[in-house]
Amino acid sequence: MGIKAIKGTRDIFGINIKKWRYVEDRIFNYAKRYNYSEIRLPTFESTELFSRGIGDATDIVNKEMYSFKDKGDRNITLRPEGTASVVRAYIENKMYIDKGVRKLFYIGSIFRQERPQKGRFREFYQFGIENIGSLFPIADAEVISFAYNLYKGLGLKSIKVELNSIGCRKCRVEYIKALKNYLEPNLNDLCSNCKERYNTNPLRILDCKNKICKDIIENAPTTVEYICDECKKHFDKLIAYLNILKIPFIINGKLVRGLDYYTKTVFEITSDRLGSQNAIAAGGRYDYLIGMFHSDEIPAVGFAGGIDRLILLMEEEGLFDGFKEDVPDVFVVSVGDDSKSRAIEVVSELRSRGYSVDIDFMRRSIKSQLRKADKLGIKNILIIGHEEIQKGIIIYKNMKKHFQKEIDINNYDEIDKIME
């Protein structure tokens with residue numbers, strides 16, 4: 001076959017889809033615990049939403065977005081992250097009317113044209129939560145608590161919370177000035193990307209993975225040294241809340257986010273088992289983003305986590321050891337047209353009673369059907385043949401205990417009692 005999946009995408013099926021469903025179910029469970037309502041977002045949006053919201057100087061907008069013109073000559077982009085889409089939905093649907101806090105979560109595909117590598121794809125899957133409407137650090141603490149407790153609840157042992165404050169509009173100006181003064185003597189030694197960032201987005205230099213750049217910024221000033229009194233009070237209160245919640249964290253004064261809309265709190269959930277790309281979730285406060293598209297500035301905080309990388313880490317830690325594909329509760333064996341018709345009735349009745357049931361579709365022999373059921377690991381077998389129909393019975397067979405019994409073909413209550 002000449003047609004294959006596009007580079008950076010893949011199919012998810014078999015035992016892998018069971019892992020995904022397990023993780024997604026836990027995310028839904030935690031969203032319910034924390035009272036976050038689900039929102040389903042469009043896969044594509046107006047390009048302007050991301051270029052304005054994320055920032056023209058970011059790598060995502062400059063290098064990674066899948067953008068195109070549609071037949072109406074509109075500039076369209078496959079969503080490269082979820083927060084901007086949630087903000088657009090929040091404003092468009094006037095969720096701000098009651099002036100209260102709106103708590104939303106989402107799961108869906110994200111698209112970025114990056115170099116595919118282990119745990120990183122061009123179409124990947126992300127979940128996120130957004131707490132919109134509160135200025136106060138209690139909202140930041142809840143968002144971090146959600147992330148930390150979800151990952152610990154999934155059994156991860158290698159994770160840690162890294163925390164920082166990057167200040168507000170007022171104090172960030174002074175920090176950027178200090179950072180540029182520090183970097184200026186080594187400007188020619190920075191990588192090509194960081195030379196460009198020096199003028200467009202100097203904070204992103206702190207996040208560069210190039211070894212030379214990392215060495216240069218080793219002794220750079222940290223953001224928390226320059227935050228104003230208001231930002232410091234916010235950060236100190238957040239730390240106090242995290243201590244109350246018994247959430248361990250380290251302060252990383254060089255932690256920044258790759259999106260322009262962040263302010264004050266930023267954080268990452270990281271693991272030392274994933275190499276240099278060690279973050280499985282990241283987020284923070286974005287008090288100015290909504291004001292870019294709406295008449296009022298409405299504060300907000302949130303985070304997003306990659307499901308692909310989360311599952312990879314869970315595999316690394318052995319949390320899926322022993323996982324097997326689901327098998328039916330019952331397999332109904334039948335041979336011949338008359339028994340096949342009766343078997344279909346039995347299958348339908350058992351499914352209506354909540355059982356997972358399968359049946360042969362290939363006109364195999366009884367022996368072949370039993371071999372298939374045994375290979376799949378199905379315990380409960382019901383056998384219907386011409387002779388059984390004549391007697392008005394069905395044969396129940398337990399493949400694990402090597403036990404069988406004749407049951408009245410219409411006595412489904414007896415079948416319920418005997419099956420495991």
# chains A, B, ... in the order shown; residues from 1 in each chain; ligands from 1
call {"tool": "select_by_dssp", "arguments": {"residues": "range 157-330 of chain A", "states": "strand (DSSP E)", "output": "VMD selection string"}}
result
chain A and resid 159 to 165 250 to 251 263 to 271 279 to 285 300 to 306 330
call {"tool": "select_by_dssp", "arguments": {"residues": "range 160-400 of chain A", "states": "helix (DSSP H, G or I)", "output": "ChimeraX atom specification"}}
result
/A:169-189,192-200,202-207,211-219,223-225,229-244,290-292,307-316,337-352,366-376,386-391
call {"tool": "write_last_selection", "arguments": {"atoms": "C-alpha atoms", "output": "mmCIF file, in the first residue's frame"}}
result
data_model
loop_
_atom_site.group_PDB
_atom_site.id
_atom_site.type_symbol
_atom_site.label_atom_id
_atom_site.label_comp_id
_atom_site.auth_asym_id
_atom_site.auth_seq_id
_atom_site.Cartn_x
_atom_site.Cartn_y
_atom_site.Cartn_z
ATOM 1 C CA ARG A 169 4.058 44.020 32.996
ATOM 2 C CA LYS A 170 5.532 46.498 35.431
ATOM 3 C CA CYS A 171 8.374 44.494 36.948
ATOM 4 C CA ARG A 172 9.178 42.352 33.920
ATOM 5 C CA VAL A 173 10.532 45.407 32.077
ATOM 6 C CA GLU A 174 13.299 45.794 34.668
ATOM 7 C CA TYR A 175 14.100 42.106 34.581
ATOM 8 C CA ILE A 176 14.394 41.972 30.792
ATOM 9 C CA LYS A 177 16.725 44.981 30.930
ATOM 10 C CA ALA A 178 18.917 43.195 33.493
ATOM 11 C CA LEU A 179 18.869 39.955 31.509
ATOM 12 C CA LYS A 180 19.907 41.681 28.274
ATOM 13 C CA ASN A 181 22.708 43.517 30.075
ATOM 14 C CA TYR A 182 23.938 40.169 31.426
ATOM 15 C CA LEU A 183 23.750 38.466 27.995
ATOM 16 C CA GLU A 184 25.230 41.285 25.916
ATOM 17 C CA PRO A 185 28.952 40.373 26.408
ATOM 18 C CA ASN A 186 28.190 36.808 25.210
ATOM 19 C CA LEU A 187 25.715 37.711 22.485
ATOM 20 C CA ASN A 188 27.887 36.405 19.643
ATOM 21 C CA ASP A 189 28.218 33.017 21.351
ATOM 22 C CA SER A 192 21.117 31.582 16.090
ATOM 23 C CA ASN A 193 17.666 31.247 17.670
ATOM 24 C CA CYS A 194 18.752 32.977 20.871
ATOM 25 C CA LYS A 195 20.468 35.799 18.976
ATOM 26 C CA GLU A 196 17.074 36.484 17.427
ATOM 27 C CA ARG A 197 15.287 36.076 20.764
ATOM 28 C CA TYR A 198 17.618 38.636 22.344
ATOM 29 C CA ASN A 199 15.678 41.399 20.571
ATOM 30 C CA THR A 200 12.248 39.773 20.191
ATOM 31 C CA PRO A 202 14.693 37.447 25.596
ATOM 32 C CA LEU A 203 12.877 35.443 28.289
ATOM 33 C CA ARG A 204 12.870 32.444 25.921
ATOM 34 C CA ILE A 205 16.680 32.336 26.041
ATOM 35 C CA LEU A 206 16.340 30.978 29.590
ATOM 36 C CA ASP A 207 14.526 27.949 28.140
ATOM 37 C CA LYS A 211 24.510 23.480 25.761
ATOM 38 C CA ILE A 212 26.451 26.688 25.049
ATOM 39 C CA CYS A 213 23.385 28.830 25.766
ATOM 40 C CA LYS A 214 22.664 26.852 28.949
ATOM 41 C CA ASP A 215 26.219 27.465 30.136
ATOM 42 C CA ILE A 216 25.936 31.199 29.384
ATOM 43 C CA ILE A 217 22.689 31.633 31.338
ATOM 44 C CA GLU A 218 23.902 29.540 34.283
ATOM 45 C CA ASN A 219 24.620 32.669 36.350
ATOM 46 C CA THR A 223 13.054 36.628 37.592
ATOM 47 C CA VAL A 224 12.151 36.408 41.300
ATOM 48 C CA GLU A 225 14.949 38.863 42.093
ATOM 49 C CA ASP A 229 5.860 43.868 45.855
ATOM 50 C CA GLU A 230 2.445 42.843 44.507
ATOM 51 C CA CYS A 231 3.897 39.906 42.550
ATOM 52 C CA LYS A 232 6.019 38.878 45.536
ATOM 53 C CA LYS A 233 2.974 38.853 47.844
ATOM 54 C CA HIS A 234 1.107 36.732 45.287
ATOM 55 C CA PHE A 235 4.039 34.307 44.998
ATOM 56 C CA ASP A 236 4.589 34.066 48.766
ATOM 57 C CA LYS A 237 0.892 33.336 49.356
ATOM 58 C CA LEU A 238 0.935 30.664 46.652
ATOM 59 C CA ILE A 239 3.929 29.009 48.340
ATOM 60 C CA ALA A 240 2.060 29.079 51.664
ATOM 61 C CA TYR A 241 -0.966 27.383 50.063
ATOM 62 C CA LEU A 242 1.191 24.679 48.454
ATOM 63 C CA ASN A 243 2.760 23.970 51.832
ATOM 64 C CA ILE A 244 -0.706 23.645 53.388
ATOM 65 C CA ILE A 290 -8.442 37.792 27.674
ATOM 66 C CA GLY A 291 -7.950 41.561 27.527
ATOM 67 C CA MET A 292 -6.281 41.173 24.101
ATOM 68 C CA ILE A 307 -1.189 12.585 27.068
ATOM 69 C CA ASP A 308 1.384 10.982 24.728
ATOM 70 C CA ARG A 309 4.284 11.828 27.050
ATOM 71 C CA LEU A 310 2.286 10.922 30.139
ATOM 72 C CA ILE A 311 1.644 7.430 28.786
ATOM 73 C CA LEU A 312 5.309 7.114 27.779
ATOM 74 C CA LEU A 313 6.364 7.985 31.340
ATOM 75 C CA MET A 314 3.837 5.555 32.835
ATOM 76 C CA GLU A 315 5.289 2.833 30.602
ATOM 77 C CA GLU A 316 8.814 3.794 31.721
ATOM 78 C CA ASP A 337 -27.933 -22.096 10.070
ATOM 79 C CA ASP A 338 -30.608 -23.107 12.591
ATOM 80 C CA SER A 339 -28.247 -22.905 15.566
ATOM 81 C CA LYS A 340 -26.714 -19.666 14.237
ATOM 82 C CA SER A 341 -30.166 -18.037 14.240
ATOM 83 C CA ARG A 342 -30.786 -19.155 17.811
ATOM 84 C CA ALA A 343 -27.286 -18.042 18.809
ATOM 85 C CA ILE A 344 -27.995 -14.532 17.528
ATOM 86 C CA GLU A 345 -31.029 -14.371 19.846
ATOM 87 C CA VAL A 346 -28.889 -15.490 22.798
ATOM 88 C CA VAL A 347 -26.186 -12.943 21.976
ATOM 89 C CA SER A 348 -28.755 -10.143 21.792
ATOM 90 C CA GLU A 349 -30.339 -11.080 25.112
ATOM 91 C CA LEU A 350 -26.986 -11.320 26.904
ATOM 92 C CA ARG A 351 -25.877 -7.939 25.548
ATOM 93 C CA SER A 352 -29.136 -6.410 26.778
ATOM 94 C CA ILE A 366 -16.890 -25.999 16.968
ATOM 95 C CA LYS A 367 -13.313 -27.081 17.691
ATOM 96 C CA SER A 368 -11.889 -24.039 15.843
ATOM 97 C CA GLN A 369 -14.247 -21.682 17.647
ATOM 98 C CA LEU A 370 -13.278 -23.106 21.030
ATOM 99 C CA ARG A 371 -9.589 -22.761 20.130
ATOM 100 C CA LYS A 372 -10.141 -19.103 19.191
ATOM 101 C CA ALA A 373 -12.001 -18.402 22.448
ATOM 102 C CA ASP A 374 -9.267 -20.085 24.483
ATOM 103 C CA LYS A 375 -6.546 -18.133 22.659
ATOM 104 C CA LEU A 376 -8.338 -14.857 23.448
ATOM 105 C CA HIS A 386 -28.593 -28.678 16.253
ATOM 106 C CA GLU A 387 -28.727 -31.314 18.983
ATOM 107 C CA GLU A 388 -28.895 -28.703 21.751
ATOM 108 C CA ILE A 389 -31.759 -26.918 20.002
ATOM 109 C CA GLN A 390 -33.659 -30.199 19.737
ATOM 110 C CA LYS A 391 -33.208 -30.750 23.490
#
call {"tool": "closest_residue", "arguments": {"among": "A:Lys118, A:Lys160, A:Arg74, A:Lys32", "to": "Phe105 in chain A", "atoms": "only C-alpha atoms"}}
result
A:Lys32
call {"tool": "residues_around", "arguments": {"residues": "range 86-96 of chain A", "least_positions_apart": "4", "cutoff": "9 Å", "atoms": "only C-alpha atoms", "output": "JSON list (two decimals) with N, CA and C atoms, in the first residue's frame"}}
result
[["chain", "number", "residue", "atom", "x", "y", "z"],
["A", 39, "ILE", "N", -15.24, 21.27, 28.03],
["A", 39, "ILE", "CA", -15.54, 22.06, 26.84],
["A", 39, "ILE", "C", -14.87, 21.38, 25.66],
["A", 41, "LEU", "N", -13.61, 21.86, 21.84],
["A", 41, "LEU", "CA", -13.17, 23.01, 21.04],
["A", 41, "LEU", "C", -12.99, 22.63, 19.58],
["A", 49, "LEU", "N", -6.13, 34.39, 16.10],
["A", 49, "LEU", "CA", -6.29, 34.02, 17.50],
["A", 49, "LEU", "C", -4.96, 33.59, 18.12],
["A", 82, "GLY", "N", -4.28, 24.83, 23.55],
["A", 82, "GLY", "CA", -5.70, 24.89, 23.88],
["A", 82, "GLY", "C", -6.19, 26.15, 24.55],
["A", 100, "GLY", "N", -18.48, 35.59, 37.77],
["A", 100, "GLY", "CA", -17.94, 34.58, 38.68],
["A", 100, "GLY", "C", -16.75, 33.87, 38.07],
["A", 101, "VAL", "N", -16.29, 32.82, 38.73],
["A", 101, "VAL", "CA", -15.18, 32.01, 38.23],
["A", 101, "VAL", "C", -15.74, 30.90, 37.35],
["A", 102, "ARG", "N", -15.17, 30.75, 36.18],
["A", 102, "ARG", "CA", -15.55, 29.66, 35.26],
["A", 102, "ARG", "C", -14.39, 28.66, 35.20],
["A", 104, "LEU", "N", -13.02, 25.26, 33.45],
["A", 104, "LEU", "CA", -13.22, 24.45, 32.25],
["A", 104, "LEU", "C", -12.05, 23.50, 32.04],
["A", 105, "PHE", "N", -12.34, 22.33, 31.43],
["A", 105, "PHE", "CA", -11.25, 21.44, 31.02],
["A", 105, "PHE", "C", -11.54, 20.89, 29.64],
["A", 106, "TYR", "N", -10.47, 20.48, 28.95],
["A", 106, "TYR", "CA", -10.60, 19.99, 27.58],
["A", 106, "TYR", "C", -9.62, 18.85, 27.35],
["A", 130, "GLU", "N", -8.62, 25.31, 32.83],
["A", 130, "GLU", "CA", -8.53, 26.77, 32.89],
["A", 130, "GLU", "C", -9.45, 27.25, 34.00],
["A", 132, "ILE", "N", -10.85, 30.60, 35.27],
["A", 132, "ILE", "CA", -10.97, 31.96, 34.73],
["A", 132, "ILE", "C", -11.80, 32.84, 35.66],
["A", 133, "GLY", "N", -11.24, 33.99, 36.05],
["A", 133, "GLY", "CA", -12.02, 34.96, 36.80],
["A", 133, "GLY", "C", -11.44, 35.37, 38.14],
["A", 289, "LEU", "N", -4.29, 37.88, 28.79],
["A", 289, "LEU", "CA", -4.68, 37.28, 27.51],
["A", 289, "LEU", "C", -6.11, 37.63, 27.11],
["A", 290, "ILE", "N", -7.05, 37.52, 28.03],
["A", 290, "ILE", "CA", -8.44, 37.79, 27.67],
["A", 290, "ILE", "C", -8.62, 39.24, 27.24],
["A", 293, "PHE", "N", -8.52, 40.37, 23.56],
["A", 293, "PHE", "CA", -9.65, 40.11, 22.67],
["A", 293, "PHE", "C", -10.97, 40.66, 23.21],
["A", 294, "HIS", "N", -10.94, 41.23, 24.41],
["A", 294, "HIS", "CA", -12.17, 41.64, 25.07],
["A", 294, "HIS", "C", -11.93, 42.99, 25.74],
["A", 298, "ILE", "N", -9.61, 40.02, 32.24],
["A", 298, "ILE", "CA", -10.15, 39.05, 33.19],
["A", 298, "ILE", "C", -9.02, 38.08, 33.54]]
call {"tool": "atom_distance", "arguments": {"atom1": "CA of Phe127 in chain A", "atom2": "CA of Gly302 in chain A"}}
result
10.9 Å
